[in-house]
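Text of coords37.pdb (PDB, C-alpha atoms, pLDDT in the B column) as supplied:
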ATOM      1  CA  MET A 728     112.305 146.500  84.104  1.00 63.00           C
ATOM      2  CA  THR A 729     109.232 148.570  84.866  1.00 69.00           C
ATOM      3  CA  THR A 730     106.331 148.096  87.261  1.00 69.00           C
ATOM      4  CA  ASP A 731     104.263 147.082  84.224  1.00 87.00           C
ATOM      5  CA  ASP A 732     106.390 143.940  83.917  1.00 93.00           C
ATOM      6  CA  PHE A 733     104.551 142.470  86.908  1.00 94.00           C
ATOM      7  CA  ALA A 734     101.196 144.263  86.620  1.00 94.00           C
ATOM      8  CA  ASP A 735      99.264 141.076  85.773  1.00 94.00           C
ATOM      9  CA  VAL A 736     100.415 139.113  88.807  1.00 94.00           C
ATOM     10  CA  LEU A 737     100.087 142.097  91.148  1.00 93.00           C
ATOM     11  CA  ALA A 738      96.492 142.632  89.994  1.00 93.00           C
ATOM     12  CA  ALA A 739      95.765 138.946  90.540  1.00 92.00           C
ATOM     13  CA  ASN A 740      97.317 139.194  93.995  1.00 89.00           C
ATOM     14  CA  HIS A 741      95.028 142.073  94.931  1.00 90.00           C
ATOM     15  CA  ALA A 742      92.002 139.951  94.017  1.00 89.00           C
ATOM     16  CA  TYR A 743      93.455 136.985  95.927  1.00 85.00           C
ATOM     17  CA  ALA A 744      94.151 139.036  99.049  1.00 85.00           C
ATOM     18  CA  ALA A 745      90.590 140.353  99.063  1.00 86.00           C
ATOM     19  CA  GLU A 746      89.149 136.816  99.043  1.00 82.00           C
ATOM     20  CA  VAL A 747      91.559 134.651 101.039  1.00 72.00           C
ATOM     21  CA  PRO A 748      92.292 135.624 104.646  1.00 66.00           C
ATOM     22  CA  ARG A 749      95.438 133.938 105.949  1.00 69.00           C
ATOM     23  CA  ALA A 750      95.646 135.421 109.438  1.00 69.00           C
ATOM     24  CA  ASP A 751      94.551 132.128 111.027  1.00 80.00           C
ATOM     25  CA  LEU A 752      97.338 130.000 109.529  1.00 84.00           C
ATOM     26  CA  GLU A 753     100.128 128.906 111.824  1.00 87.00           C
ATOM     27  CA  ALA A 754     103.781 129.004 110.746  1.00 90.00           C
ATOM     28  CA  ARG A 755     104.120 125.346 111.749  1.00 94.00           C
ATOM     29  CA  ALA A 756     103.282 122.606 109.253  1.00 96.00           C
ATOM     30  CA  ALA A 757      99.868 121.380 110.412  1.00 95.00           C
ATOM     31  CA  LYS A 758     100.450 117.886 108.964  1.00 97.00           C
ATOM     32  CA  GLY A 759     104.094 117.774 110.105  1.00 98.00           C
ATOM     33  CA  LEU A 760     105.129 117.416 106.476  1.00 98.00           C
ATOM     34  CA  ALA A 761     107.702 118.966 104.165  1.00 98.00           C
ATOM     35  CA  VAL A 762     107.582 118.276 100.425  1.00 98.00           C
ATOM     36  CA  LEU A 763     110.569 118.784  98.167  1.00 98.00           C
ATOM     37  CA  THR A 764     109.516 118.728  94.542  1.00 98.00           C
ATOM     38  CA  CYS A 765     110.536 120.119  91.189  1.00 98.00           C
ATOM     39  CA  MET A 766     109.910 123.712  90.161  1.00 98.00           C
ATOM     40  CA  ASP A 767     107.982 122.447  87.125  1.00 98.00           C
ATOM     41  CA  SER A 768     104.793 124.515  86.991  1.00 97.00           C
ATOM     42  CA  ARG A 769     102.761 121.449  85.998  1.00 97.00           C
ATOM     43  CA  ILE A 770     103.127 120.188  89.576  1.00 98.00           C
ATOM     44  CA  GLU A 771     100.673 121.471  92.178  1.00 98.00           C
ATOM     45  CA  PRO A 772     102.048 119.964  95.394  1.00 98.00           C
ATOM     46  CA  LEU A 773      99.192 120.810  97.760  1.00 97.00           C
ATOM     47  CA  PRO A 774      96.251 119.430  95.757  1.00 97.00           C
ATOM     48  CA  MET A 775      98.427 116.592  94.437  1.00 98.00           C
ATOM     49  CA  LEU A 776      98.694 115.286  98.007  1.00 98.00           C
ATOM     50  CA  GLY A 777      95.278 116.314  99.305  1.00 97.00           C
ATOM     51  CA  LEU A 778      96.707 119.189 101.313  1.00 97.00           C
ATOM     52  CA  VAL A 779      95.700 122.804 101.851  1.00 93.00           C
ATOM     53  CA  ALA A 780      97.634 125.934 102.747  1.00 92.00           C
ATOM     54  CA  GLY A 781      99.278 125.541 106.136  1.00 94.00           C
ATOM     55  CA  ASP A 782      99.489 121.740 106.026  1.00 96.00           C
ATOM     56  CA  ALA A 783     103.060 121.396 104.737  1.00 97.00           C
ATOM     57  CA  LYS A 784     106.267 123.223 103.975  1.00 98.00           C
ATOM     58  CA  ILE A 785     106.904 123.207 100.232  1.00 98.00           C
ATOM     59  CA  LEU A 786     110.460 123.349  98.849  1.00 98.00           C
ATOM     60  CA  ARG A 787     111.066 123.479  95.121  1.00 98.00           C
ATOM     61  CA  ASN A 788     114.074 123.414  92.848  1.00 98.00           C
ATOM     62  CA  ALA A 789     115.061 122.092  89.436  1.00 97.00           C
ATOM     63  CA  GLY A 790     114.786 118.310  89.596  1.00 97.00           C
ATOM     64  CA  ALA A 791     113.670 118.076  93.261  1.00 98.00           C
ATOM     65  CA  ARG A 792     117.264 117.497  94.334  1.00 98.00           C
ATOM     66  CA  VAL A 793     118.587 117.563  97.880  1.00 98.00           C
ATOM     67  CA  THR A 794     121.091 120.403  97.917  1.00 98.00           C
ATOM     68  CA  ASP A 795     122.908 122.052 100.810  1.00 97.00           C
ATOM     69  CA  ASP A 796     120.208 124.722 100.837  1.00 98.00           C
ATOM     70  CA  VAL A 797     117.476 122.077 101.091  1.00 98.00           C
ATOM     71  CA  LEU A 798     119.281 120.478 104.033  1.00 98.00           C
ATOM     72  CA  ARG A 799     119.614 123.855 105.764  1.00 98.00           C
ATOM     73  CA  THR A 800     115.933 124.542 105.215  1.00 98.00           C
ATOM     74  CA  LEU A 801     114.916 121.115 106.530  1.00 98.00           C
ATOM     75  CA  VAL A 802     116.833 121.707 109.755  1.00 98.00           C
ATOM     76  CA  LEU A 803     114.769 124.861 110.317  1.00 98.00           C
ATOM     77  CA  ALA A 804     111.572 123.062 109.324  1.00 98.00           C
ATOM     78  CA  ASP A 805     112.319 120.158 111.668  1.00 98.00           C
ATOM     79  CA  TYR A 806     113.246 122.101 114.793  1.00 97.00           C
ATOM     80  CA  LEU A 807     111.213 125.280 114.404  1.00 97.00           C
ATOM     81  CA  LEU A 808     108.257 124.547 112.125  1.00 97.00           C
ATOM     82  CA  GLY A 809     106.889 121.177 113.200  1.00 96.00           C
ATOM     83  CA  VAL A 810     108.124 119.028 110.315  1.00 98.00           C
ATOM     84  CA  GLU A 811     108.404 115.335 111.176  1.00 98.00           C
ATOM     85  CA  ARG A 812     108.136 113.814 107.680  1.00 98.00           C
ATOM     86  CA  VAL A 813     109.786 114.697 104.389  1.00 98.00           C
ATOM     87  CA  MET A 814     108.619 113.636 100.944  1.00 98.00           C
ATOM     88  CA  ILE A 815     111.097 114.024  98.091  1.00 98.00           C
ATOM     89  CA  VAL A 816     108.929 113.967  94.958  1.00 98.00           C
ATOM     90  CA  ALA A 817     110.542 113.746  91.525  1.00 98.00           C
ATOM     91  CA  HIS A 818     108.347 113.545  88.428  1.00 97.00           C
ATOM     92  CA  THR A 819     108.121 111.950  85.018  1.00 96.00           C
ATOM     93  CA  GLY A 820     109.051 114.086  82.045  1.00 95.00           C
ATOM     94  CA  CYS A 821     111.509 116.175  84.065  1.00 96.00           C
ATOM     95  CA  ARG A 822     113.957 118.218  82.029  1.00 94.00           C
ATOM     96  CA  MET A 823     116.602 117.432  84.656  1.00 96.00           C
ATOM     97  CA  SER A 824     116.451 113.711  83.826  1.00 95.00           C
ATOM     98  CA  MET A 825     118.778 114.049  80.850  1.00 94.00           C
ATOM     99  CA  PRO A 826     122.551 114.194  80.572  1.00 96.00           C
ATOM    100  CA  GLU A 827     124.129 117.288  82.125  1.00 96.00           C
ATOM    101  CA  GLU A 828     125.853 118.167  78.848  1.00 97.00           C
ATOM    102  CA  ASP A 829     122.444 118.298  77.118  1.00 97.00           C
ATOM    103  CA  ILE A 830     121.229 120.930  79.592  1.00 97.00           C
ATOM    104  CA  HIS A 831     124.345 123.032  79.033  1.00 97.00           C
ATOM    105  CA  ALA A 832     123.922 122.733  75.255  1.00 97.00           C
ATOM    106  CA  ALA A 833     120.216 123.676  75.473  1.00 96.00           C
ATOM    107  CA  ILE A 834     121.014 126.804  77.500  1.00 97.00           C
ATOM    108  CA  LEU A 835     123.702 127.804  75.022  1.00 97.00           C
ATOM    109  CA  ALA A 836     121.356 127.152  72.066  1.00 97.00           C
ATOM    110  CA  ALA A 837     118.715 129.356  73.737  1.00 97.00           C
ATOM    111  CA  GLY A 838     121.178 132.253  73.704  1.00 97.00           C
ATOM    112  CA  GLY A 839     122.412 131.751  77.238  1.00 97.00           C
ATOM    113  CA  PRO A 840     125.981 131.702  78.507  1.00 97.00           C
ATOM    114  CA  ASP A 841     128.353 128.763  78.723  1.00 97.00           C
ATOM    115  CA  THR A 842     127.178 127.131  81.968  1.00 97.00           C
ATOM    116  CA  ARG A 843     129.578 124.200  82.115  1.00 97.00           C
ATOM    117  CA  SER A 844     131.003 125.550  85.387  1.00 97.00           C
ATOM    118  CA  ILE A 845     127.593 124.964  87.038  1.00 96.00           C
ATOM    119  CA  SER A 846     126.291 121.563  88.107  1.00 94.00           C
ATOM    120  CA  PHE A 847     122.544 121.256  87.506  1.00 95.00           C
ATOM    121  CA  LEU A 848     122.437 117.889  89.312  1.00 96.00           C
ATOM    122  CA  THR A 849     120.756 116.134  86.418  1.00 95.00           C
ATOM    123  CA  SER A 850     120.128 112.407  86.538  1.00 93.00           C
ATOM    124  CA  GLU A 851     119.101 109.984  83.855  1.00 93.00           C
ATOM    125  CA  ASP A 852     118.076 107.488  86.561  1.00 94.00           C
ATOM    126  CA  GLN A 853     115.512 109.269  88.724  1.00 93.00           C
ATOM    127  CA  GLU A 854     114.910 106.335  91.034  1.00 96.00           C
ATOM    128  CA  SER A 855     118.622 106.009  91.802  1.00 97.00           C
ATOM    129  CA  SER A 856     118.834 109.764  92.418  1.00 96.00           C
ATOM    130  CA  LEU A 857     115.800 109.618  94.702  1.00 97.00           C
ATOM    131  CA  ARG A 858     117.392 106.846  96.737  1.00 98.00           C
ATOM    132  CA  ALA A 859     120.655 108.802  96.999  1.00 98.00           C
ATOM    133  CA  ASP A 860     118.834 111.995  98.023  1.00 98.00           C
ATOM    134  CA  VAL A 861     116.789 110.135 100.650  1.00 98.00           C
ATOM    135  CA  ARG A 862     120.023 108.623 102.023  1.00 98.00           C
ATOM    136  CA  ARG A 863     121.580 112.091 102.105  1.00 98.00           C
ATOM    137  CA  VAL A 864     118.751 113.490 104.221  1.00 98.00           C
ATOM    138  CA  ARG A 865     118.661 110.422 106.486  1.00 97.00           C
ATOM    139  CA  SER A 866     122.400 110.634 107.086  1.00 97.00           C
ATOM    140  CA  TRP A 867     122.510 114.395 107.711  1.00 97.00           C
ATOM    141  CA  PRO A 868     123.621 114.679 111.361  1.00 97.00           C
ATOM    142  CA  TYR A 869     121.270 117.591 112.051  1.00 97.00           C
ATOM    143  CA  LEU A 870     118.170 115.689 110.911  1.00 96.00           C
ATOM    144  CA  THR A 871     117.808 112.725 113.232  1.00 92.00           C
ATOM    145  CA  ASN A 872     114.127 113.106 114.157  1.00 90.00           C
ATOM    146  CA  ILE A 873     112.394 112.940 110.772  1.00 96.00           C
ATOM    147  CA  THR A 874     111.050 110.247 108.458  1.00 98.00           C
ATOM    148  CA  VAL A 875     112.058 110.583 104.796  1.00 98.00           C
ATOM    149  CA  GLY A 876     110.647 108.951 101.689  1.00 98.00           C
ATOM    150  CA  GLY A 877     111.331 109.197  97.969  1.00 98.00           C
ATOM    151  CA  PHE A 878     108.428 109.356  95.496  1.00 98.00           C
ATOM    152  CA  LEU A 879     107.814 109.673  91.776  1.00 98.00           C
ATOM    153  CA  TYR A 880     104.870 111.707  90.467  1.00 98.00           C
ATOM    154  CA  ASP A 881     103.479 110.649  87.103  1.00 97.00           C
ATOM    155  CA  LEU A 882     102.460 113.783  85.193  1.00 97.00           C
ATOM    156  CA  ASP A 883     100.120 111.819  82.932  1.00 97.00           C
ATOM    157  CA  SER A 884      98.144 109.901  85.563  1.00 97.00           C
ATOM    158  CA  GLY A 885      98.531 112.298  88.500  1.00 97.00           C
ATOM    159  CA  ARG A 886      99.600 109.403  90.719  1.00 97.00           C
ATOM    160  CA  VAL A 887     102.413 109.430  93.243  1.00 98.00           C
ATOM    161  CA  ARG A 888     104.359 106.186  93.728  1.00 98.00           C
ATOM    162  CA  GLN A 889     106.723 105.528  96.607  1.00 98.00           C
ATOM    163  CA  VAL A 890     110.192 104.515  95.416  1.00 98.00           C
ATOM    164  CA  CYS A 891     111.923 104.297  98.776  1.00 97.00           C
TER     165      CYS A 891
END
What would you get if you wrote out this structure as structure tokens?
Amino acid sequence: MTTDDFADVLAANHAYAAEVPRADLEARAAKGLAVLTCMDSRIEPLPMLGLVAGDAKILRNAGARVTDDVLRTLVLADYLLGVERVMIVAHTGCRMSMPEEDIHAAILAAGGPDTRSISFLTSEDQESSLRADVRRVRSWPYLTNITVGGFLYDLDSGRVRQVC
């Protein structure tokens, strides 16, 4: 790895920093919202929901799944950063909505290691997974003051539909 490996994004950051002052943004979520969504780069959570920087806390992982780390982060967001509502937003066309063994095989076929010792939390039934993840957040004993909903974002239409 050399500094040239990141030269393009660092140059873009310099241009961004010159144009976008952020000193006035608060650490708290201005809209009292946290959004957990997939890491898929086709998803732009702020504009997708009519939000701007500072409005919400954005959490991302493969498949928009509620993990222990997400729960830990939501506790901080709830008590220290003004979050009162949580949206869990899965999306159509997600690579994590296939059988777990297919993900392991795809990684191996791409020249990666045998990953069968890792759970990628895939789900062929996104709506069922959303309901289970919403229940997990709602039942977490450290998160008793927040409202949680599960949503599905359609990549083709750009629409978000509430599942639960």
Residue IDs satisfying the PyMOL selection byres ((chain A and resi 760) around 8), as number ranges by chain: A: 756-759, 761-762, 782-784, 809-814
At a cut-off of 12 Å, can you tabulate as a tab-separated table every residue of segment 855-882 of chain A near segment 838-851 of chain A together with its closest atom pair and the distance in Å to one decimal, using only C-alpha atoms and ordering rows by chain then number?
residue	atom	partner	partner_atom	distance
A:Ser855	CA	A:Ser850	CA	8.4
A:Ser856	CA	A:Ser850	CA	6.6
A:Leu857	CA	A:Ser850	CA	9.7
A:Arg858	CA	A:Ser850	CA	11.9
A:Ala859	CA	A:Ser850	CA	11.1
A:Asp860	CA	A:Leu848	CA	11.1
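Separating atom CA of Glu827 of chain A from atom CA of Trp867 of chain A is a distance of 25.8 Å.
Of the residues under consideration (A:Arg862, A:Arg886, A:His818, A:Arg799), A:His818 shows the shortest atom-to-atom contact distance to Cys765 of chain A when counting only C-alpha atoms.
Close contacts of Tyr869 of chain A, defined as residues with an atom at most 10 Å away when counting only C-alpha atoms, with chain neighbours fewer than 2 positions off set aside, comprise A:Leu798, A:Arg799, A:Leu801, A:Val802, A:Leu803, A:Asp805, A:Tyr806, A:Val864, A:Arg865, A:Ser866, A:Trp867, A:Thr871, A:Asn872.
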Write the residues you've just listed into a file as a PDB file, in the frame of the given file, and include C-alpha atoms for each of them.
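Listing of again31.pdb after writing:
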ATOM      1  CA  LEU A 798     119.281 120.478 104.033  1.00 98.00           C
ATOM      2  CA  ARG A 799     119.614 123.855 105.764  1.00 98.00           C
ATOM      3  CA  LEU A 801     114.916 121.115 106.530  1.00 98.00           C
ATOM      4  CA  VAL A 802     116.833 121.707 109.755  1.00 98.00           C
ATOM      5  CA  LEU A 803     114.769 124.861 110.317  1.00 98.00           C
ATOM      6  CA  ASP A 805     112.319 120.158 111.668  1.00 98.00           C
ATOM      7  CA  TYR A 806     113.246 122.101 114.793  1.00 97.00           C
ATOM      8  CA  VAL A 864     118.751 113.490 104.221  1.00 98.00           C
ATOM      9  CA  ARG A 865     118.661 110.422 106.486  1.00 97.00           C
ATOM     10  CA  SER A 866     122.400 110.634 107.086  1.00 97.00           C
ATOM     11  CA  TRP A 867     122.510 114.395 107.711  1.00 97.00           C
ATOM     12  CA  THR A 871     117.808 112.725 113.232  1.00 92.00           C
ATOM     13  CA  ASN A 872     114.127 113.106 114.157  1.00 90.00           C
TER      14      ASN A 872
END
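The two atoms in question, atom CA of Arg792 of chain A and atom CA of Gln853 of chain A, are spaced 10.1 Å apart.
Considering the residues A:Met825, A:Glu771, A:Gly777, A:Met766 and counting only C-alpha atoms, Ala789 of chain A has its shortest atom-to-atom contact with A:Met766.
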Polymer residues at most 12 Å from Ala780 of chain A, all atoms listed in the file, same-chain spacing of 5 or more positions, as an NGL selection string: :A and (747-758 or 760 or 771-774 or 785)
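Atom CA of Gly876 of chain A sits 8.6 Å away from atom CA of Val816 of chain A.
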Selection result for the PyMOL selection byres ((chain A and resi 879) around 12) on this file, as number ranges by chain: A: 763-765, 770, 775, 790-791, 814-821, 852-858, 876-878, 880-891
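Among A:Val875, A:Leu808, A:Val793, A:Val736, the residue with the shortest atom-to-atom distance to Gly781 of chain A, counting all atoms listed in the file, is A:Leu808.
Among the candidate residues A:Met823, A:Ala742, A:Ile830, A:Ile873, the one lying nearest to Asp767 of chain A is A:Met823, with distances computed using all atoms listed in the file.
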